[in-house]
Amino acid sequence: MSPAVTIAQFLSAHNKVRAKHSLPSLTWSNNLANYAKWYAEKRRGDCKLIHSVLNYGENMFWGMGTRWKPSDAVAAWAVQESYYNYRTNTCMRNKECLHYTQLVWRKTSKVGCAKIKCNSGDTLIICEYDPHGNVIGQRPY
């Protein structure tokens with residue numbers, strides 16, 4: 001698959017979720033994509049979902065095998081919407097929703113992602129967001 005098609009797939013999947021809340025579309029950042037690729041390469045050996053340390057928002061996805069598409073990763077993050085309570089601005093007890101809130105963070109304007117095949121034969125997808133979301137005390141939208 002060409003890089004342009006992959007970029008379009010990542011952007012389309014992200015912006016479809018954001019459109020549900022009338023949020024501005026994200027634009028692609030080669031700088032963020034290069035960082036995501038660099039960090040994914042560091043995880044190639046173990047394919048672990050260990051976050052990097054730069055001041056970006058970051059969503060990570062692991063899938064067994066190589067059949068995973070950009071839209072699969074975004075869908076996995078978006079499904080967490082059901083665990084997010086907008087009124088209290090919290091995740092449901094014992095549930096994860098911060099991938100979703102990063103995805104729909106209003107102030108985030110740029111995204112860059114990378115998809116690699118780990119040494120295990122599994123897929124790792126990492127997306128970086130700027131400016132980052134999940135600011136304590138603020139709502140995503």
# chains A, B, ... in the order shown; residues from 1 in each chain; ligands from 1

$ closest_atom_pairs --of "stretch 33-136 of chain A" --to "stretch 11-16 of chain A" --cutoff "10 Å" --atoms "only C-alpha atoms" --output "tab-separated table"
residue	atom	partner	partner_atom	distance
A:Pro70	CA	A:Ala13	CA	7.4
A:Ser71	CA	A:Ala13	CA	5.3
A:Asp72	CA	A:Ala13	CA	8.7
A:Ala73	CA	A:Ala13	CA	9.0
A:Val74	CA	A:Ala13	CA	6.2
A:Ala75	CA	A:Ala13	CA	7.8
A:Trp77	CA	A:His14	CA	9.9
A:Ala78	CA	A:His14	CA	8.9
A:Leu103	CA	A:His14	CA	6.9
A:Val104	CA	A:His14	CA	8.4
A:Lys110	CA	A:Leu11	CA	9.8
A:Val111	CA	A:Leu11	CA	8.0
A:Gly112	CA	A:Leu11	CA	8.9
A:Cys113	CA	A:Leu11	CA	9.5

$ atom_distance --atom1 "atom CA of A:Asn89" --atom2 "atom CA of A:Leu32"
27.4 Å

$ select_by_dssp --residues "chain A" --states "strand (DSSP E)" --output "list of chain:residue names"
A:Thr27, A:Trp28, A:Gly57, A:Glu58, A:Asn59, A:Met60, A:Phe61, A:Trp62, A:Gly63, A:Tyr84, A:Asn85, A:Thr90, A:Cys91, A:Lys110, A:Val111, A:Gly112, A:Cys113, A:Ala114, A:Lys115, A:Ile116, A:Lys117, A:Thr123, A:Leu124, A:Ile125, A:Ile126, A:Cys127, A:Glu128, A:Tyr129, A:Asp130

$ closest_residue --among "A:Ile116, A:Trp105, A:Thr66, A:Ala36" --to "A:Val53" --atoms "only C-alpha atoms"
A:Ala36

$ select_by_dssp --residues "stretch 1-37 of chain A" --states "helix (DSSP H, G or I)" --output "number ranges by chain"
A: 3-19, 30-37

$ residues_around --residues "stretch 119-124 of chain A" --least-positions-apart "6" --cutoff "6 Å" --atoms "only C-alpha atoms" --output "list in words"
Arg44, Gly45, Phe61, Trp62, Gly63, Met64, Gly65 and Thr66 of chain A

$ residues_around --residues "A:Cys97" --least-positions-apart "5" --cutoff "8 Å" --atoms "only C-alpha atoms" --output "compact mmCIF listing (two decimals) with all heavy atoms, in the first residue's frame"
# COMPACT_ATOMS: atom_id res chain seq x y z
N TRP A 77 -9.80 2.35 19.53
CA TRP A 77 -9.75 3.50 20.44
C TRP A 77 -11.13 4.14 20.56
O TRP A 77 -11.55 4.55 21.64
CB TRP A 77 -8.73 4.52 19.96
CG TRP A 77 -7.34 3.95 19.83
CD1 TRP A 77 -6.76 2.99 20.63
CD2 TRP A 77 -6.37 4.27 18.84
NE1 TRP A 77 -5.48 2.72 20.18
CE2 TRP A 77 -5.22 3.49 19.09
CE3 TRP A 77 -6.34 5.15 17.75
CZ2 TRP A 77 -4.06 3.55 18.30
CZ3 TRP A 77 -5.20 5.22 16.97
CH2 TRP A 77 -4.08 4.43 17.25
N GLN A 80 -14.01 3.00 22.99
CA GLN A 80 -13.93 3.41 24.39
C GLN A 80 -14.90 4.56 24.71
O GLN A 80 -15.09 4.89 25.88
CB GLN A 80 -12.51 3.81 24.76
CG GLN A 80 -11.53 2.67 24.73
CD GLN A 80 -10.12 3.13 25.05
OE1 GLN A 80 -9.85 4.31 25.26
NE2 GLN A 80 -9.20 2.18 25.09
N GLU A 81 -15.53 5.13 23.70
CA GLU A 81 -16.50 6.20 23.95
C GLU A 81 -17.57 5.73 24.94
O GLU A 81 -18.04 6.51 25.77
CB GLU A 81 -17.17 6.65 22.65
CG GLU A 81 -18.20 7.74 22.85
CD GLU A 81 -18.83 8.23 21.56
OE1 GLU A 81 -18.65 7.61 20.50
OE2 GLU A 81 -19.51 9.28 21.62
N TYR A 83 -17.24 4.06 27.46
CA TYR A 83 -16.72 4.08 28.83
C TYR A 83 -16.48 5.49 29.35
O TYR A 83 -16.04 5.67 30.48
CB TYR A 83 -15.40 3.30 28.92
CG TYR A 83 -15.49 1.89 28.41
CD1 TYR A 83 -14.46 1.36 27.64
CD2 TYR A 83 -16.57 1.07 28.70
CE1 TYR A 83 -14.53 0.05 27.18
CE2 TYR A 83 -16.64 -0.23 28.25
CZ TYR A 83 -15.61 -0.73 27.48
OH TYR A 83 -15.67 -2.02 27.03
N TYR A 84 -16.75 6.49 28.51
CA TYR A 84 -16.50 7.88 28.90
C TYR A 84 -17.81 8.55 29.30
O TYR A 84 -18.79 8.51 28.58
CB TYR A 84 -15.85 8.65 27.75
CG TYR A 84 -15.66 10.12 28.05
CD1 TYR A 84 -14.78 10.52 29.04
CD2 TYR A 84 -16.37 11.09 27.37
CE1 TYR A 84 -14.62 11.88 29.34
CE2 TYR A 84 -16.21 12.44 27.66
CZ TYR A 84 -15.33 12.81 28.65
OH TYR A 84 -15.17 14.14 28.94
N CYS A 91 -13.68 8.26 33.18
CA CYS A 91 -13.86 6.93 32.60
C CYS A 91 -14.66 6.08 33.58
O CYS A 91 -14.56 6.27 34.80
CB CYS A 91 -12.51 6.24 32.37
SG CYS A 91 -11.42 7.08 31.21
N MET A 92 -15.42 5.15 33.04
CA MET A 92 -16.15 4.20 33.86
C MET A 92 -15.15 3.44 34.74
O MET A 92 -14.02 3.19 34.32
CB MET A 92 -16.87 3.22 32.92
CG MET A 92 -18.14 2.65 33.41
SD MET A 92 -18.72 1.44 32.18
CE MET A 92 -19.93 2.42 31.35

$ atom_distance --atom1 "atom CA of A:Ile125" --atom2 "atom CA of A:Tyr141"
24.8 Å

$ residues_around --residues "A:Ser25" --least-positions-apart "5" --cutoff "8 Å" --atoms "only C-alpha atoms" --output "list in words"
Asn15, Arg18, Ala19 and Ser109 of chain A

$ write_last_selection --atoms "N, CA and C atoms" --output "short mmCIF file (atom, residue, chain, number, x, y, z; two decimals), in the first residue's frame"
data_model
loop_
_atom_site.label_atom_id
_atom_site.label_comp_id
_atom_site.auth_asym_id
_atom_site.auth_seq_id
_atom_site.Cartn_x
_atom_site.Cartn_y
_atom_site.Cartn_z
N ASN A 15 -10.95 11.34 11.42
CA ASN A 15 -11.86 12.46 11.20
C ASN A 15 -13.33 12.02 11.18
N ARG A 18 -14.20 12.14 14.82
CA ARG A 18 -14.27 13.54 15.26
C ARG A 18 -15.52 14.24 14.72
N ALA A 19 -15.93 13.89 13.51
CA ALA A 19 -17.10 14.52 12.89
C ALA A 19 -18.38 14.25 13.68
N SER A 109 -4.78 19.27 16.69
CA SER A 109 -4.97 19.65 15.28
C SER A 109 -4.18 18.77 14.31
#

$ atom_distance --atom1 "atom CA of A:Val17" --atom2 "atom CA of A:Asn59"
14.6 Å

$ closest_atom_pairs --of "stretch 49-128 of chain A" --to "stretch 135-139 of chain A" --cutoff "10 Å" --atoms "only C-alpha atoms" --output "Markdown table"
| residue | atom | partner | partner_atom | distance |
| --- | --- | --- | --- | --- |
| A:Tyr86 | CA | A:Arg139 | CA | 7.5 |
| A:Arg87 | CA | A:Arg139 | CA | 9.3 |
| A:Thr88 | CA | A:Arg139 | CA | 9.3 |
| A:Asn89 | CA | A:Arg139 | CA | 6.2 |
| A:Thr90 | CA | A:Arg139 | CA | 9.3 |
| A:Thr101 | CA | A:Arg139 | CA | 8.4 |
| A:Gln102 | CA | A:Val135 | CA | 9.5 |
| A:Val104 | CA | A:Arg139 | CA | 10.0 |
| A:Trp105 | CA | A:Arg139 | CA | 8.0 |
| A:Arg106 | CA | A:Arg139 | CA | 8.8 |

$ closest_residue --among "A:Met1, A:Thr108, A:Arg43, A:Ala76" --to "A:Pro24" --atoms "only C-alpha atoms"
A:Thr108

$ closest_residue --among "A:Val79, A:Ala40, A:Leu23, A:Cys47" --to "A:Lys107" --atoms "only C-alpha atoms"
A:Leu23
